[in-house]
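Enquirer: Below is the file final07.csv, which contains CSV, C-alpha atoms.
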```
chain,number,residue,atom,x,y,z
A,19,MET,CA,104.3,60.3,93.6
A,20,VAL,CA,104.9,58.3,90.4
A,21,TRP,CA,102.1,55.8,90.0
A,22,GLN,CA,102.7,52.3,88.6
A,23,ARG,CA,99.6,50.9,86.9
A,24,LEU,CA,98.0,47.6,86.1
A,25,LYS,CA,94.8,47.0,84.2
A,26,LEU,CA,92.3,44.3,85.0
A,27,VAL,CA,89.1,43.6,82.9
A,28,VAL,CA,85.9,42.3,84.3
A,29,SER,CA,83.5,40.7,81.9
A,30,GLY,CA,80.6,38.2,81.6
A,31,PRO,CA,77.0,38.1,80.5
A,32,VAL,CA,74.2,40.5,81.5
A,33,GLY,CA,73.3,40.2,85.2
A,34,ALA,CA,76.4,38.4,86.3
A,35,GLY,CA,77.4,41.1,88.8
A,36,LYS,CA,80.2,42.9,87.0
A,37,THR,CA,79.3,46.4,88.2
A,38,THR,CA,78.9,45.2,91.8
A,39,PHE,CA,82.2,43.3,91.6
A,40,ILE,CA,84.0,46.4,90.5
A,41,GLN,CA,82.4,48.5,93.2
A,42,SER,CA,83.5,45.9,95.8
A,43,LEU,CA,87.1,45.8,94.5
A,44,CYS,CA,87.7,49.4,93.9
A,45,ASP,CA,88.5,52.2,96.4
A,46,ASP,CA,87.1,55.2,94.5
A,47,SER,CA,83.7,55.8,93.1
A,48,VAL,CA,83.0,53.7,90.1
A,49,VAL,CA,82.2,55.3,86.8
A,50,GLU,CA,79.0,53.5,85.6
A,51,THR,CA,77.3,53.8,82.3
A,52,ASP,CA,74.1,52.1,83.3
A,53,GLU,CA,70.9,52.8,81.4
A,54,VAL,CA,67.4,51.5,81.6
A,55,ALA,CA,67.3,48.2,79.8
A,56,SER,CA,65.3,48.3,76.5
A,57,GLU,CA,64.4,44.7,76.7
A,58,GLU,CA,63.6,42.1,79.4
A,59,ILE,CA,67.0,41.0,80.9
A,60,GLY,CA,66.0,40.3,84.4
A,61,LYS,CA,67.0,43.7,85.9
A,62,GLU,CA,66.0,47.3,85.4
A,63,LYS,CA,69.3,48.8,84.3
A,64,THR,CA,72.3,47.5,82.4
A,65,THR,CA,75.8,48.7,81.5
A,66,VAL,CA,75.9,50.1,77.9
A,67,ALA,CA,79.5,51.3,77.6
A,68,MET,CA,81.8,50.3,80.4
A,69,ASP,CA,82.3,50.5,84.1
A,70,PHE,CA,85.6,51.9,85.5
A,71,GLY,CA,87.1,52.0,88.9
A,72,ARG,CA,90.5,52.2,90.6
A,73,ALA,CA,92.0,50.4,93.6
A,74,PHE,CA,95.2,51.7,95.3
A,75,PHE,CA,98.0,49.6,96.7
A,76,GLY,CA,100.7,52.1,97.8
A,77,ASP,CA,102.1,53.6,94.7
A,78,LEU,CA,100.4,50.9,92.6
A,79,GLU,CA,97.2,51.8,90.9
A,80,LEU,CA,94.9,49.1,89.6
A,81,PHE,CA,92.6,50.2,86.8
A,82,VAL,CA,89.5,48.0,86.6
A,83,PHE,CA,87.4,48.1,83.5
A,84,GLY,CA,84.0,46.3,83.1
A,85,THR,CA,82.7,45.4,79.7
A,86,PRO,CA,79.1,45.6,78.7
A,87,GLY,CA,77.5,42.2,78.9
A,88,GLN,CA,75.3,42.3,75.8
A,89,GLU,CA,76.9,40.9,72.7
A,90,ARG,CA,75.8,43.7,70.6
A,91,PHE,CA,78.4,45.8,72.4
A,92,SER,CA,81.1,43.3,71.7
A,93,PHE,CA,83.1,45.8,69.6
A,94,ALA,CA,84.1,47.3,73.0
A,95,TRP,CA,85.7,44.1,74.3
A,96,ASP,CA,88.9,44.3,72.2
A,97,VAL,CA,89.5,47.9,73.1
A,98,LEU,CA,89.0,47.3,76.8
A,99,MET,CA,91.2,44.2,76.8
A,100,GLU,CA,94.2,46.1,75.4
A,101,GLY,CA,97.0,46.2,77.9
A,102,ALA,CA,95.1,44.1,80.5
A,103,PHE,CA,97.1,41.7,82.6
A,104,GLY,CA,94.1,39.5,83.3
A,105,LEU,CA,90.4,38.9,83.0
A,106,VAL,CA,87.8,38.1,85.7
A,107,PHE,CA,84.9,36.6,83.9
A,108,LEU,CA,81.7,36.4,86.0
A,109,VAL,CA,78.7,34.1,85.5
A,110,ALA,CA,75.6,34.1,87.7
A,111,GLY,CA,75.5,30.7,89.3
A,112,ASP,CA,71.8,30.7,89.8
A,113,ARG,CA,71.1,31.4,86.1
A,114,PRO,CA,72.2,28.3,84.1
A,115,ALA,CA,70.2,29.8,81.2
A,116,SER,CA,73.0,32.3,80.8
A,117,PHE,CA,75.8,29.6,80.6
A,118,PRO,CA,75.7,29.0,76.8
A,119,ALA,CA,76.0,32.7,76.2
A,120,ALA,CA,78.7,32.9,78.8
A,121,ARG,CA,80.7,30.1,77.2
A,122,ARG,CA,80.4,31.8,73.8
A,123,MET,CA,81.8,35.0,75.2
A,124,LEU,CA,84.5,33.3,77.3
A,125,ASP,CA,85.7,31.2,74.3
A,126,TYR,CA,86.2,34.4,72.4
A,127,PHE,CA,88.3,35.9,75.1
A,128,VAL,CA,90.3,32.8,75.9
A,129,SER,CA,91.2,32.2,72.2
A,130,ASN,CA,92.1,35.8,71.4
A,131,PHE,CA,93.8,37.2,74.5
A,132,ALA,CA,97.0,35.7,76.0
A,133,VAL,CA,96.2,36.6,79.6
A,134,PRO,CA,95.0,34.5,82.6
A,135,VAL,CA,91.3,34.2,82.9
A,136,VAL,CA,89.5,33.5,86.2
A,137,VAL,CA,85.8,32.7,86.1
A,138,GLY,CA,83.8,33.8,89.2
A,139,VAL,CA,80.6,32.0,89.8
A,140,THR,CA,78.5,34.6,91.6
A,141,ARG,CA,75.5,34.5,93.9
A,142,GLN,CA,77.0,31.8,96.0
A,143,ASP,CA,74.9,33.1,98.9
A,144,LEU,CA,71.7,31.8,97.3
A,145,PRO,CA,70.4,28.3,98.2
A,146,ARG,CA,70.1,27.1,94.6
A,147,VAL,CA,73.2,27.8,92.8
A,148,TRP,CA,75.7,25.9,90.6
A,149,ALA,CA,79.0,25.1,92.3
A,150,SER,CA,82.2,26.4,90.8
A,151,GLU,CA,83.5,22.8,90.0
A,152,ASP,CA,80.3,22.1,88.0
A,153,VAL,CA,80.7,25.4,86.1
A,154,ALA,CA,84.3,24.5,85.5
A,155,ALA,CA,83.2,21.2,84.0
A,156,TYR,CA,80.7,22.9,81.7
A,157,LEU,CA,83.2,25.5,80.5
A,158,ARG,CA,85.9,22.8,80.3
A,159,LEU,CA,88.3,24.7,82.5
A,160,SER,CA,90.5,23.5,85.3
A,161,PRO,CA,89.0,23.9,88.8
A,162,LYS,CA,91.8,26.4,89.7
A,163,GLU,CA,90.5,28.8,87.0
A,164,VAL,CA,87.0,28.9,88.5
A,165,LEU,CA,85.9,30.1,91.9
A,166,GLY,CA,82.6,30.7,93.7
A,167,LEU,CA,82.1,34.2,95.0
A,168,ASN,CA,79.7,36.9,96.0
A,169,ALA,CA,80.2,40.0,93.9
A,170,THR,CA,79.2,42.2,96.9
A,171,SER,CA,82.1,40.9,99.0
A,172,ARG,CA,85.4,42.9,98.9
A,173,ALA,CA,87.2,39.8,100.2
A,174,ASP,CA,85.8,37.7,97.4
A,175,SER,CA,86.7,40.2,94.7
A,176,ARG,CA,90.3,40.3,96.1
A,177,ARG,CA,90.4,36.6,96.1
A,178,ALA,CA,89.6,36.6,92.4
A,179,LEU,CA,92.3,39.1,91.8
A,180,LEU,CA,94.8,36.9,93.7
A,181,ARG,CA,93.8,33.9,91.6
A,182,VAL,CA,94.7,35.9,88.5
A,183,LEU,CA,98.1,36.6,90.0
A,184,GLU,CA,98.5,32.9,90.9
A,185,LEU,CA,97.8,32.0,87.2
A,186,TRP,CA,100.7,34.2,86.3
A,187,GLY,CA,102.7,32.1,88.7
A,188,VAL,CA,103.0,34.8,91.4
A,189,GLY,CA,102.7,33.8,95.0
A,190,VAL,CA,102.6,30.0,94.3
A,191,GLU,CA,105.3,27.5,95.3
A,192,GLY,CA,108.2,27.7,92.9
A,193,GLU,CA,107.0,31.1,91.7
A,194,SER,CA,107.7,31.4,88.0
A,195,ALA,CA,106.2,34.6,86.7
A,196,ALA,CA,108.5,35.4,83.8
A,197,GLU,CA,110.3,38.8,84.0
A,198,GLY,CA,109.1,41.2,81.5
A,199,THR,CA,106.0,39.4,80.4
A,200,VAL,CA,103.2,41.5,82.0
A,201,PRO,CA,101.4,43.8,79.6
A,202,LYS,CA,102.0,47.4,80.1
A,203,ALA,CA,98.8,49.3,81.3
A,204,PRO,CA,98.1,52.5,79.4
A,205,GLN,CA,99.7,55.6,81.1
B,28,MET,CA,75.2,22.1,95.4
B,29,PRO,CA,72.8,21.2,92.6
B,30,VAL,CA,73.1,21.0,88.9
B,31,PHE,CA,69.9,22.3,87.4
B,32,GLY,CA,68.5,24.1,84.5
B,33,ASP,CA,66.0,24.4,81.6
B,34,LEU,CA,66.4,22.5,78.3
B,35,LYS,CA,65.2,25.6,76.5
B,36,ASP,CA,68.6,27.1,76.9
B,37,PHE,CA,70.7,24.2,78.2
B,38,PRO,CA,70.3,21.1,76.0
B,39,LEU,CA,70.8,17.6,77.3
B,40,VAL,CA,73.9,17.1,75.1
B,41,GLU,CA,75.6,19.8,77.2
B,42,VAL,CA,74.5,18.3,80.5
B,43,LEU,CA,75.7,14.8,80.0
B,44,PRO,CA,79.5,15.6,80.0
B,45,LEU,CA,79.1,17.3,83.3
B,46,LEU,CA,77.8,14.2,84.9
B,47,ALA,CA,80.0,11.6,83.2
B,48,PHE,CA,82.2,11.3,86.2
B,49,ARG,CA,79.5,11.5,88.8
B,50,ARG,CA,77.3,9.0,90.5
B,51,GLY,CA,73.6,9.9,90.8
B,52,ALA,CA,70.4,10.6,89.0
B,53,LEU,CA,69.5,13.2,86.4
B,54,HIS,CA,65.7,13.9,86.5
B,55,VAL,CA,64.1,15.5,83.4
B,56,ALA,CA,60.5,16.8,83.5
B,57,MET,CA,59.0,17.8,80.2
B,58,PRO,CA,55.7,19.8,80.0
B,59,GLU,CA,54.0,17.5,77.6
B,60,SER,CA,54.6,14.5,79.8
B,61,SER,CA,53.3,14.0,83.3
B,62,ASN,CA,56.2,11.6,84.0
B,63,VAL,CA,59.7,12.5,85.1
B,64,VAL,CA,62.4,10.6,83.2
B,65,THR,CA,65.5,9.7,85.2
B,66,LEU,CA,68.9,8.9,83.9
B,67,TYR,CA,71.2,7.1,86.3
B,68,PHE,CA,75.0,7.7,86.2
B,69,ASP,CA,77.7,5.5,87.6
B,70,GLN,CA,81.3,4.8,86.7
B,71,GLN,CA,81.3,7.1,83.6
B,72,ALA,CA,78.3,5.3,82.2
B,73,ILE,CA,74.5,5.6,82.1
B,74,CYS,CA,73.4,2.5,84.0
B,75,GLY,CA,69.7,3.0,83.8
B,76,VAL,CA,66.8,5.0,82.4
B,77,ARG,CA,63.6,5.2,84.4
B,78,ALA,CA,60.3,6.4,83.0
B,79,GLU,CA,56.7,5.5,83.7
B,80,ASN,CA,57.7,4.1,87.1
B,81,ARG,CA,60.0,1.4,85.6
B,82,LEU,CA,63.6,0.9,84.5
B,83,LEU,CA,63.5,0.7,80.7
B,84,ASP,CA,65.0,-1.9,78.5
B,85,PRO,CA,67.8,-0.7,76.2
B,86,LEU,CA,65.6,-0.1,73.1
B,87,ASP,CA,63.0,1.9,75.1
B,88,ALA,CA,65.8,3.7,76.9
B,89,LEU,CA,67.4,4.7,73.6
B,90,LEU,CA,64.1,6.0,72.3
B,91,VAL,CA,63.6,8.1,75.4
B,92,LEU,CA,67.1,9.5,75.2
B,93,ARG,CA,66.5,10.6,71.6
B,94,LYS,CA,63.3,12.3,72.7
B,95,LEU,CA,65.2,14.0,75.4
B,96,LEU,CA,67.9,15.1,73.0
B,97,ALA,CA,65.4,16.8,70.8
B,98,ALA,CA,63.4,18.4,73.7
B,99,LYS,CA,63.4,22.1,73.7
B,100,GLN,CA,61.3,22.5,76.8
B,101,GLY,CA,61.6,20.9,80.2
B,102,VAL,CA,63.6,21.3,83.3
B,103,PHE,CA,66.4,19.1,84.8
B,104,TRP,CA,68.1,18.6,88.1
B,105,PHE,CA,70.7,16.2,89.4
B,106,GLU,CA,70.7,14.2,92.6
B,107,GLN,CA,74.1,13.1,93.8
B,108,ASP,CA,74.5,9.4,94.8
B,109,THR,CA,71.1,8.2,93.9
B,110,ALA,CA,71.1,4.8,92.4
B,111,PRO,CA,68.4,2.9,90.5
B,112,GLU,CA,66.2,0.5,92.4
B,113,GLY,CA,67.0,-2.9,91.1
B,114,PRO,CA,69.8,-4.2,88.9
B,115,ALA,CA,71.3,-1.9,86.3
B,116,LYS,CA,70.0,-2.6,82.8
B,117,LEU,CA,72.4,-0.5,80.9
B,118,ALA,CA,76.1,0.2,80.8
B,119,TRP,CA,76.5,3.0,78.1
B,120,PRO,CA,79.7,4.9,78.4
B,121,VAL,CA,78.7,8.6,78.5
B,122,GLU,CA,81.6,9.5,76.1
B,123,GLN,CA,80.4,7.0,73.5
B,124,LEU,CA,76.8,8.1,73.9
B,125,LEU,CA,77.8,11.7,73.4
B,126,LEU,CA,79.5,10.9,70.1
B,127,GLU,CA,76.2,9.2,68.9
B,128,LEU,CA,74.2,12.2,70.1
B,129,ALA,CA,76.5,14.7,68.5
B,130,LYS,CA,76.1,12.9,65.2
B,131,GLU,CA,72.3,13.2,65.5
B,132,THR,CA,72.4,16.9,66.5
B,133,ASP,CA,70.9,18.7,63.6
B,134,GLU,CA,70.9,22.4,62.9
B,135,SER,CA,67.3,22.9,64.2
B,136,VAL,CA,68.4,21.7,67.6
B,137,VAL,CA,71.4,24.0,67.9
B,138,VAL,CA,70.4,27.4,69.2
B,139,SER,CA,72.4,30.4,68.0
B,140,GLN,CA,73.9,31.2,71.4
B,141,GLU,CA,75.5,27.8,71.6
B,142,LEU,CA,77.3,28.4,68.3
B,143,PRO,CA,80.8,30.0,68.5
B,144,ASP,CA,81.6,33.6,67.8
B,145,PRO,CA,83.1,34.0,64.3
B,146,ALA,CA,86.3,35.3,65.9
B,147,THR,CA,86.7,32.4,68.3
B,148,ARG,CA,89.7,30.3,67.4
B,149,PHE,CA,89.5,26.5,67.4
B,150,ARG,CA,92.1,23.8,67.3
B,151,LEU,CA,92.1,20.0,67.2
B,152,THR,CA,92.0,17.9,70.4
B,153,GLU,CA,94.0,14.7,70.6
B,154,ARG,CA,90.9,12.8,69.6
B,155,GLY,CA,90.5,15.2,66.6
B,156,LYS,CA,94.0,14.4,65.5
B,157,GLN,CA,93.3,10.7,65.5
B,158,ASP,CA,90.2,11.2,63.4
B,159,ALA,CA,88.5,8.2,65.1
B,160,ASP,CA,84.8,7.6,65.6
B,161,VAL,CA,83.7,10.5,63.4
B,162,SER,CA,80.7,10.1,61.2
B,163,LEU,CA,81.2,10.0,57.5
B,164,SER,CA,80.2,13.6,56.7
B,165,GLU,CA,82.1,15.0,59.7
B,166,SER,CA,85.1,13.0,58.8
B,167,ALA,CA,85.2,14.5,55.3
B,168,PHE,CA,84.9,18.0,56.8
B,169,LEU,CA,87.4,17.3,59.5
B,170,ARG,CA,90.0,16.0,57.0
B,171,GLN,CA,89.6,19.2,55.0
B,172,ALA,CA,89.9,21.4,58.0
B,173,GLN,CA,92.6,19.5,59.8
B,174,PRO,CA,95.6,21.4,58.4
B,175,PHE,CA,94.1,24.7,59.5
B,176,LEU,CA,93.0,23.4,62.9
B,177,GLU,CA,96.4,22.1,63.8
B,178,GLU,CA,97.6,25.6,64.7
B,179,GLY,CA,94.3,27.1,65.6
B,180,ILE,CA,92.1,29.2,63.4
B,181,SER,CA,89.0,31.4,63.8
B,182,VAL,CA,85.6,30.3,62.6
B,183,ALA,CA,85.5,33.2,60.1
B,184,GLU,CA,89.1,32.5,58.8
B,185,LEU,CA,88.3,28.8,58.4
B,186,ALA,CA,85.0,29.5,56.5
B,187,LYS,CA,87.0,31.7,54.1
B,188,ALA,CA,89.8,29.1,53.7
B,189,LEU,CA,87.3,26.3,53.0
B,190,GLN,CA,85.0,28.6,51.0
B,191,VAL,CA,81.9,27.6,53.0
B,192,SER,CA,79.4,29.8,54.8
B,193,GLY,CA,80.2,30.9,58.3
B,194,SER,CA,76.9,29.6,59.7
B,195,PHE,CA,77.4,26.1,58.2
B,196,LEU,CA,80.9,26.0,59.6
B,197,ALA,CA,79.8,27.2,63.0
B,198,VAL,CA,77.4,24.3,63.2
B,199,GLN,CA,80.0,21.8,62.0
B,200,LEU,CA,82.5,23.0,64.7
B,201,HIS,CA,79.8,22.9,67.3
B,202,ARG,CA,79.1,19.2,66.5
B,203,LEU,CA,82.8,18.4,66.5
B,204,ARG,CA,83.2,20.2,69.8
B,205,VAL,CA,80.4,18.3,71.4
B,206,GLY,CA,82.1,15.1,70.2
B,207,GLY,CA,85.4,16.3,71.7
B,208,PHE,CA,87.3,16.6,68.4
B,209,VAL,CA,87.9,20.3,68.5
B,210,GLU,CA,88.2,22.9,71.3
B,211,PRO,CA,88.7,26.6,71.6
B,212,ALA,CA,92.4,27.4,71.2
B,213,ARG,CA,94.1,29.1,74.1
B,214,ALA,CA,95.8,32.2,73.1
B,215,ARG,CA,98.0,32.0,76.2
B,216,ASP,CA,99.4,28.6,75.1
B,217,GLN,CA,100.3,30.0,71.7
B,218,LYS,CA,101.6,33.5,72.2
B,219,PRO,CA,102.7,34.6,75.7
B,220,ALA,CA,101.9,38.2,76.5
B,221,SER,CA,104.8,40.6,76.3
B,222,GLY,CA,105.4,43.9,78.0
B,223,PRO,CA,108.0,45.7,80.1
B,224,GLU,CA,106.2,45.9,83.5
B,225,THR,CA,108.1,43.5,85.7
B,226,GLY,CA,107.7,43.0,89.4
B,227,LEU,CA,104.3,44.7,89.5
B,228,LEU,CA,102.4,41.5,89.9
B,229,ARG,CA,104.5,40.5,92.9
B,230,LYS,CA,104.0,44.0,94.3
B,231,LEU,CA,100.3,43.6,94.0
B,232,TRP,CA,100.4,40.1,95.5
B,233,ARG,CA,102.3,41.4,98.5
B,234,ALA,CA,99.8,44.3,98.9
B,235,LEU,CA,96.9,41.9,98.8
B,236,THR,CA,98.4,39.3,101.1
B,237,GLY,CA,99.8,41.7,103.6
B,238,GLY,CA,103.4,41.3,102.5
B,239,GLN,CA,103.5,37.5,102.9
```
How would this structure read if it were set down as structure tokens?
Expert:
Amino acid sequence: MVWQRLKLVVSGPVGAGKTTFIQSLCDDSVVETDEVASEEIGKEKTTVAMDFGRAFFGDLELFVFGTPGQERFSFAWDVLMEGAFGLVFLVAGDRPASFPAARRMLDYFVSNFAVPVVVGVTRQDLPRVWASEDVAAYLRLSPKEVLGLNATSRADSRRALLRVLELWGVGVEGESAAEGTVPKAPQ
Amino acid sequence: MPVFGDLKDFPLVEVLPLLAFRRGALHVAMPESSNVVTLYFDQQAICGVRAENRLLDPLDALLVLRKLLAAKQGVFWFEQDTAPEGPAKLAWPVEQLLLELAKETDESVVVSQELPDPATRFRLTERGKQDADVSLSESAFLRQAQPFLEEGISVAELAKALQVSGSFLAVQLHRLRVGGFVEPARARDQKPASGPETGLLRKLWRALTGGQ
């Protein structure tokens, strides 16, 4: 079988749920590079290089790369974004302390990569969590670019993926995804 | 769902724009004070400031707001649809107030994680193009930077072009952003992605939606 491939990147600050999101979305075992955190970041382990997983849709293979959340690993962001058709950017809705760092990261991505970006506000199962529309207001994004989700939910991770496609104009009324405008994933 | 946070990493100047179009009360509790300060929002304005169990007069309200702006410790939470008891004493448009607050924001208040990444690209907003309501020092800076910001330029590139330090420029751009004069440029608006893979997105869409 000849595989056709697309590449999606998942990013966001430390503790946003990137690794979990990729595990929910992907069909095969996810390659993790988690190590014990060397500083207090609110969890025991953290991703130091990248996460990687694959999801299969017939002869279409989706490569999903997760960036490390700490800014000192930002040199990896550009490399991982190469050839991606979209970015899912996660922020933990119960941790507003991480929002300024998230906005700093997001601004970098949005201003340097010409692909749709969907922001997922995670931990929506918790009682005290920011709503997606409030996070959209803070990040100054349109509400359609931000959605609330639980990173553990396969349905939610697929919903985020669908939203990326919608921002390309696919599947929406008067579909207008331009032919030949999707970045080619590495073979 | 609540809006809440800690002023340590989420300063008031960032909270106000979120609430500009809401009706309700923002409560702020600071550790050095036993009282909770409450700002009431209605019709895109702050219509009241409550502290020490009373609605403050404009002068007292302004002093309290300045104190809140400088606060680096304290917690806040928003209550939807809560109105002040008694007649509103203020009608300060949030947008105008933000401009004032942005002018007063000094470097000591801005924490590094709020400042943009050197590679983040900025451009002028419509307000920035009009150059209205900017303070004198920012106006001078904005005029100098305007030709570069028309098309969008990174913090590092602009610092080089204007021959100023990157940290100084980052603070200037942060202030202008809070005031609504500049915003991160969207790469997607400026240079559409290109590549040969057509139809794949539709294929993925069909697979995800069961062929709808």
Enquirer: As an exercise, work out the distance from CA of Gly111 (chain A) to CA of Arg141 (chain A) in Å and give it to one decimal place.
Expert: 6.0 Å
Enquirer: Could you list the residues in chain A lying within 7 Å of chain B, using all atoms listed in the file, and format the result as an NGL selection string?
Expert: :A and (75 or 114-115 or 118-119 or 122 or 125-126 or 128-133 or 146-149 or 152 or 155-156 or 180 or 183 or 188-189 or 197-202)
Enquirer: Would you kindly return, as a VMD selection string, each protein, DNA or RNA residue with an atom no farther than 8 Å from any atom of Ser150 (chain A), considering only C-alpha atoms and excluding same-chain residues fewer than 2 positions away?
Expert: chain A and resid 138 to 139 148 152 to 154 161 164 to 166
Enquirer: Find the spatial neighbours of region 192-209 of chain B, counting only C-alpha atoms, within a cut-off of 7 Å - ignore same-chain residues fewer than 3 positions away - and output them as a list in words.
Expert: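 Counting only C-alpha atoms, the residues come to Leu125, Leu126, Ala129, Glu134, Leu142, Pro143, Phe149, Arg150, Leu151, Thr152, Arg154, Gly155, Val182, Ala183 and Ala186 of chain B.
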Enquirer: Which residues are close to Arg77 (chain B), i.e. within 7 Å by all atoms listed in the file, leaving aside same-chain residues fewer than 6 positions away? Reply as a ChimeraX atom specification.
Expert: /B:64-66,83
Enquirer: Determine, counting only C-alpha atoms, which protein, DNA and RNA residues have an atom within 7 Å of an atom of Gly30 (chain A); residues of the same chain fewer than 3 positions away are not included. Present the result as a list in words.
Expert: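 Selected residues are Ala34, Gly87, Phe107, Leu108, Val109 and Ala120 of chain A.
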Enquirer: Calculate how many Å separate CA of Val55 (chain B) from CA of Leu124 (chain B), rounding to one decimal.
Expert: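 Computed distance, CA of Val55 (chain B) to CA of Leu124 (chain B), equals 17.5 Å.
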Enquirer: Rounded to one decimal, what separation in Å do you get between CA of Val48 (chain A) and CA of Lys162 (chain A)?
Expert: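 For CA of Val48 (chain A) relative to CA of Lys162 (chain A), the distance reads 28.7 Å.
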Enquirer: Using all atoms listed in the file, which of the listed residues (A:Leu80, A:Val136, A:Val20, A:Met68) sits closest to Trp186 (chain A)?
Expert: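 Using all atoms listed in the file, Trp186 (chain A) sits closest to A:Val136.
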